[in-house]
Amino acid sequence: MAATRNGQVRALIYARQSKDNADGIDRQIEDCRRLLAREGIDPDSARAIVDNDVSASSGKRRPGYDGELIPEVEAGGRSVLVVAQTQDRLLRKPREMEDLVDLVERTGARVMLVRSMFDLTTAMGRAAARQAAVWARLEVEQKAERQQRQAVQAAERGECPSRRAFGYQPGGDVDPAEAAVVRDAFDRLFRGESLVRITDAMNAAGLPSVRGNRWSRKGVAYLLTSPRYAGWRVYHAGAEDEVRVRGTWPPLVTDAEHEKAVALLTDPVRKVNTLGTARRWLGSGLFLCGRCEAAGELEQGAPVTMRTGRRTNGNVRTYICRAHAHLSRAAEPVDAAVVAAVEARLARPDVASLLAGATPEVAGLREQADAIRARIDRAVRDYDDDVIDGATLRAVKARRTAELAVVQRKITAAARSSRLATLASAADPAEAFRAADLAVQREVIDALAVVVLLPSARGASSFDPATVDVRWRH
Ligand SMILES: [Zn+2]
């Protein structure tokens, strides 16, 4: 070690604090100084570079190692001697060993360890160092596995998840102020208040979410459907062996209240109500093109619907064939004709027969969708709590999302029938239809009939209701 004897050595001590059972920073530096003294280097001339609490399994940059040590080695080359207590202080992953080998080969700098010795200038030394890095990595990974097993065991015992929920303190004790807000939100929901109003009330209470944010409708919906408030801990969510365990923390709502809240917030009618309001036209995307039908296109694949437009010579709104633009009808008289036809149909005494075949199995489907959605939510929570890993979460999500799409399509169809059933059971169904908003009217029309727009007679100056072909489904 010529450089050591000629006194030109620039000694760098590297120490790293982490959560594992390693010695503290002071002990590491002390050990390194002693080694330097044994090597005949003045320990006081060494510069100590320290990283705090950057764990071995995280991929985070180390400000000391990456920001100071490496540049010093690059700059100092063969005159540099790096000293660390053990290899796993210096390196966190086997990959970092390769970088260090490259660095040493490129710069000629030397590395010494207090508790083991490897010489990166020889093939045997590098092999030994790589071996050591692999075994150190194994230890880190085993620790992660152990922690995951412990998380599962904690879940099995119904222990409170590590991530605190609004309304509770860390550890699961009730936070009285937040719990009152939670209780109020449930009460408002059961009184029939909309999610928008409940969200406003929660924000007015002035207590932010666990992440310190204002409440969003999504966040409030998540809260009101979380099984945690009924005292349930769920693990292996979404898997075949999914288990629900009674938690050790005090519930804020009863099981019945939890189920009621889930049912209310996943009610398909509530959802449908918020959809479709953007459409200002009764028949856009709903009424069909009569010319396309005459040409046989309605029989082949998806029927051609009308889109909306305007006449160039004025402010007349129109329906135009979406595919070929070969048919255009003034929209207002068409809408009026369709509405009149539907009202007449709903005024007939046999309106109750519309219910036949439209009995919805919405409730059953809703339960299915709830269960799937809850499994996805639980998988996300389990991931947050380290009960499952990212790959499992992705697999669960993909599988459950596909299932959900199927059920959701059935719900949409059933909700349409349910809408019709509600309307048909009104005291005056025609009046109820007239009073409904556009989205509801569109759904009722769709459930009741197929509307095909036909070309008007050439040169006709007035609107002919016969050119609006309303074909009843029932
Ligand atoms: Zn057409």
# chains A, B, ... in the order shown; residues from 1 in each chain; ligands from 1
call {"tool": "residues_near_ligand", "arguments": {"ligand": "ligand 1", "cutoff": "10 Å", "atoms": "only C-alpha atoms and all ligand atoms", "output": "PyMOL selection string"}}
result
chain A and resi 288-295+297-298+303-306+320-328+453-454
call {"tool": "select_by_dssp", "arguments": {"residues": "segment 119-198 of chain A", "states": "alpha helix (DSSP H)", "output": "NGL selection string"}}
result
:A and (123-156 or 176-190 or 195-198)
call {"tool": "residues_around", "arguments": {"residues": "Glu145 of chain A", "least_positions_apart": "5", "cutoff": "12 Å", "atoms": "only C-alpha atoms", "output": "VMD selection string"}}
result
chain A and resid 57 138 to 140 150 to 152 386 to 389
call {"tool": "atom_distance", "arguments": {"atom1": "atom CA of Ile49 of chain A", "atom2": "atom CA of Leu103 of chain A"}}
result
17.7 Å
call {"tool": "closest_residue", "arguments": {"among": "A:Asp66, A:Glu403, A:Glu367, A:Glu72", "to": "Arg47 of chain A", "atoms": "only C-alpha atoms"}}
result
A:Glu72
call {"tool": "closest_residue", "arguments": {"among": "A:Asp102, A:Glu259, A:Glu332, A:Glu193", "to": "Ile70 of chain A", "atoms": "only C-alpha atoms"}}
result
A:Asp102
call {"tool": "select_by_dssp", "arguments": {"residues": "segment 48-275 of chain A", "states": "strand (DSSP E)", "output": "JSON list (two decimals) with C-alpha atoms, in the first residue's frame"}}
result
[["chain", "number", "residue", "atom", "x", "y", "z"],
["A", 48, "ALA", "CA", -16.46, 11.60, 7.41],
["A", 49, "ILE", "CA", -19.40, 11.48, 5.02],
["A", 50, "VAL", "CA", -22.71, 10.45, 6.55],
["A", 51, "ASP", "CA", -26.13, 9.43, 5.24],
["A", 52, "ASN", "CA", -29.07, 9.27, 7.57],
["A", 80, "VAL", "CA", -8.35, 8.28, -2.28],
["A", 81, "LEU", "CA", -8.99, 5.62, 0.35],
["A", 82, "VAL", "CA", -12.61, 4.96, 1.23],
["A", 83, "VAL", "CA", -13.25, 3.35, 4.60],
["A", 84, "ALA", "CA", -16.53, 1.93, 5.86],
["A", 110, "ARG", "CA", -9.05, 1.93, -2.83],
["A", 111, "VAL", "CA", -11.78, 0.68, -0.52],
["A", 112, "MET", "CA", -11.25, -0.80, 2.95],
["A", 113, "LEU", "CA", -13.75, -2.29, 5.33],
["A", 232, "TRP", "CA", -64.13, -4.73, 9.92],
["A", 233, "ARG", "CA", -60.57, -5.57, 8.96],
["A", 234, "VAL", "CA", -60.29, -7.25, 5.56],
["A", 235, "TYR", "CA", -57.23, -9.01, 4.21],
["A", 243, "VAL", "CA", -61.13, -12.92, 5.00],
["A", 244, "ARG", "CA", -63.08, -10.38, 7.03],
["A", 245, "VAL", "CA", -62.07, -10.10, 10.64],
["A", 246, "ARG", "CA", -63.81, -8.20, 13.39]]
call {"tool": "residues_around", "arguments": {"residues": "Ala371 of chain A", "least_positions_apart": "3", "cutoff": "12 Å", "atoms": "only C-alpha atoms", "output": "PyMOL selection string"}}
result
chain A and resi 225+227+237-238+242+259+262-263+266+364-368+374-378+400-401+403-404+407
call {"tool": "closest_residue", "arguments": {"among": "A:Arg62, A:Pro71, A:Ile29, A:Ser116", "to": "Thr86 of chain A", "atoms": "only C-alpha atoms"}}
result
A:Ser116
call {"tool": "closest_residue", "arguments": {"among": "A:Thr392, A:Thr121, A:Ser226, A:Gln131", "to": "Ala379 of chain A", "atoms": "only C-alpha atoms"}}
result
A:Thr392
call {"tool": "closest_residue", "arguments": {"among": "A:Trp135, A:Tyr65, A:Trp281, A:Tyr229", "to": "Glu257 of chain A", "atoms": "only C-alpha atoms"}}
result
A:Tyr229
call {"tool": "atom_distance", "arguments": {"atom1": "atom CA of Arg310 of chain A", "atom2": "atom CA of Gly296 of chain A"}}
result
26.8 Å
call {"tool": "residues_around", "arguments": {"residues": "Pro250 of chain A", "least_positions_apart": "2", "cutoff": "12 Å", "atoms": "only C-alpha atoms", "output": "PyMOL selection string"}}
result
chain A and resi 158-160+167-169+171-176+179+228-233+246-248+252-254
call {"tool": "write_last_selection", "arguments": {"atoms": "N, CA, C and O atoms", "output": "mmCIF file, in the first residue's frame"}}
result
data_model
loop_
_atom_site.group_PDB
_atom_site.id
_atom_site.type_symbol
_atom_site.label_atom_id
_atom_site.label_comp_id
_atom_site.auth_asym_id
_atom_site.auth_seq_id
_atom_site.Cartn_x
_atom_site.Cartn_y
_atom_site.Cartn_z
ATOM 1 N N GLY A 158 -57.066 -8.865 13.537
ATOM 2 C CA GLY A 158 -58.005 -7.748 13.538
ATOM 3 C C GLY A 158 -57.410 -6.473 14.069
ATOM 4 O O GLY A 158 -58.126 -5.563 14.467
ATOM 5 N N GLU A 159 -56.085 -6.401 14.057
ATOM 6 C CA GLU A 159 -55.443 -5.175 14.547
ATOM 7 C C GLU A 159 -55.735 -4.014 13.605
ATOM 8 O O GLU A 159 -55.963 -4.188 12.421
ATOM 9 N N CYS A 160 -55.689 -2.825 14.155
ATOM 10 C CA CYS A 160 -55.974 -1.635 13.375
ATOM 11 C C CYS A 160 -54.913 -1.473 12.275
ATOM 12 O O CYS A 160 -53.726 -1.605 12.534
ATOM 13 N N GLY A 167 -61.443 9.970 11.803
ATOM 14 C CA GLY A 167 -62.356 9.574 12.880
ATOM 15 C C GLY A 167 -61.641 8.791 13.969
ATOM 16 O O GLY A 167 -62.159 8.616 15.056
ATOM 17 N N TYR A 168 -60.440 8.316 13.616
ATOM 18 C CA TYR A 168 -59.646 7.541 14.581
ATOM 19 C C TYR A 168 -58.257 8.139 14.733
ATOM 20 O O TYR A 168 -57.714 8.731 13.801
ATOM 21 N N GLN A 169 -57.678 7.906 15.911
ATOM 22 C CA GLN A 169 -56.281 8.255 16.098
ATOM 23 C C GLN A 169 -55.426 7.082 15.618
ATOM 24 O O GLN A 169 -55.941 5.977 15.479
ATOM 25 N N GLY A 171 -53.557 3.864 15.757
ATOM 26 C CA GLY A 171 -53.719 2.833 16.780
ATOM 27 C C GLY A 171 -55.165 2.440 16.979
ATOM 28 O O GLY A 171 -55.445 1.398 17.535
ATOM 29 N N GLY A 172 -56.097 3.296 16.536
ATOM 30 C CA GLY A 172 -57.486 2.879 16.513
ATOM 31 C C GLY A 172 -58.398 3.486 17.565
ATOM 32 O O GLY A 172 -59.587 3.179 17.606
ATOM 33 N N ASP A 173 -57.852 4.346 18.445
ATOM 34 C CA ASP A 173 -58.748 5.011 19.390
ATOM 35 C C ASP A 173 -59.593 6.050 18.646
ATOM 36 O O ASP A 173 -59.141 6.640 17.670
ATOM 37 N N VAL A 174 -60.820 6.254 19.147
ATOM 38 C CA VAL A 174 -61.714 7.211 18.498
ATOM 39 C C VAL A 174 -61.206 8.636 18.719
ATOM 40 O O VAL A 174 -60.792 8.987 19.817
ATOM 41 N N ASP A 175 -61.199 9.417 17.651
ATOM 42 C CA ASP A 175 -60.911 10.844 17.754
ATOM 43 C C ASP A 175 -62.267 11.532 17.842
ATOM 44 O O ASP A 175 -63.013 11.556 16.859
ATOM 45 N N PRO A 176 -62.622 12.057 19.020
ATOM 46 C CA PRO A 176 -64.006 12.518 19.231
ATOM 47 C C PRO A 176 -64.457 13.571 18.218
ATOM 48 O O PRO A 176 -65.571 13.493 17.697
ATOM 49 N N ALA A 179 -64.745 11.900 14.759
ATOM 50 C CA ALA A 179 -65.801 10.887 14.778
ATOM 51 C C ALA A 179 -67.177 11.548 14.684
ATOM 52 O O ALA A 179 -68.091 11.016 14.043
ATOM 53 N N ARG A 228 -64.299 -0.137 7.530
ATOM 54 C CA ARG A 228 -63.574 0.115 8.764
ATOM 55 C C ARG A 228 -64.458 0.777 9.824
ATOM 56 O O ARG A 228 -64.305 0.528 11.017
ATOM 57 N N TYR A 229 -65.396 1.620 9.372
ATOM 58 C CA TYR A 229 -66.248 2.320 10.348
ATOM 59 C C TYR A 229 -67.231 1.377 11.028
ATOM 60 O O TYR A 229 -67.782 1.693 12.062
ATOM 61 N N ALA A 230 -67.470 0.205 10.389
ATOM 62 C CA ALA A 230 -68.294 -0.812 11.049
ATOM 63 C C ALA A 230 -67.402 -1.785 11.821
ATOM 64 O O ALA A 230 -67.880 -2.782 12.359
ATOM 65 N N GLY A 231 -66.096 -1.491 11.868
ATOM 66 C CA GLY A 231 -65.179 -2.304 12.661
ATOM 67 C C GLY A 231 -64.689 -3.564 11.980
ATOM 68 O O GLY A 231 -64.383 -4.545 12.645
ATOM 69 N N TRP A 232 -64.611 -3.543 10.643
ATOM 70 C CA TRP A 232 -64.133 -4.730 9.920
ATOM 71 C C TRP A 232 -62.733 -4.530 9.389
ATOM 72 O O TRP A 232 -62.421 -3.497 8.807
ATOM 73 N N ARG A 233 -61.885 -5.544 9.587
ATOM 74 C CA ARG A 233 -60.574 -5.574 8.963
ATOM 75 C C ARG A 233 -60.623 -6.648 7.889
ATOM 76 O O ARG A 233 -61.056 -7.772 8.152
ATOM 77 N N ARG A 246 -63.293 -9.257 12.532
ATOM 78 C CA ARG A 246 -63.808 -8.197 13.393
ATOM 79 C C ARG A 246 -62.607 -7.467 13.970
ATOM 80 O O ARG A 246 -61.744 -8.073 14.591
ATOM 81 N N GLY A 247 -62.529 -6.159 13.749
ATOM 82 C CA GLY A 247 -61.385 -5.379 14.199
ATOM 83 C C GLY A 247 -61.396 -5.154 15.696
ATOM 84 O O GLY A 247 -62.412 -5.351 16.363
ATOM 85 N N THR A 248 -60.237 -4.750 16.206
ATOM 86 C CA THR A 248 -60.125 -4.528 17.642
ATOM 87 C C THR A 248 -60.493 -3.094 18.012
ATOM 88 O O THR A 248 -60.462 -2.726 19.177
ATOM 89 N N LEU A 252 -67.865 2.959 14.436
ATOM 90 C CA LEU A 252 -68.636 4.205 14.528
ATOM 91 C C LEU A 252 -70.052 4.016 13.992
ATOM 92 O O LEU A 252 -70.930 4.824 14.252
ATOM 93 N N VAL A 253 -70.247 2.956 13.191
ATOM 94 C CA VAL A 253 -71.594 2.651 12.689
ATOM 95 C C VAL A 253 -71.850 1.159 12.853
ATOM 96 O O VAL A 253 -70.914 0.373 13.014
ATOM 97 N N THR A 254 -73.126 0.783 12.827
ATOM 98 C CA THR A 254 -73.471 -0.638 12.929
ATOM 99 C C THR A 254 -73.275 -1.302 11.567
ATOM 100 O O THR A 254 -73.158 -0.621 10.547
#
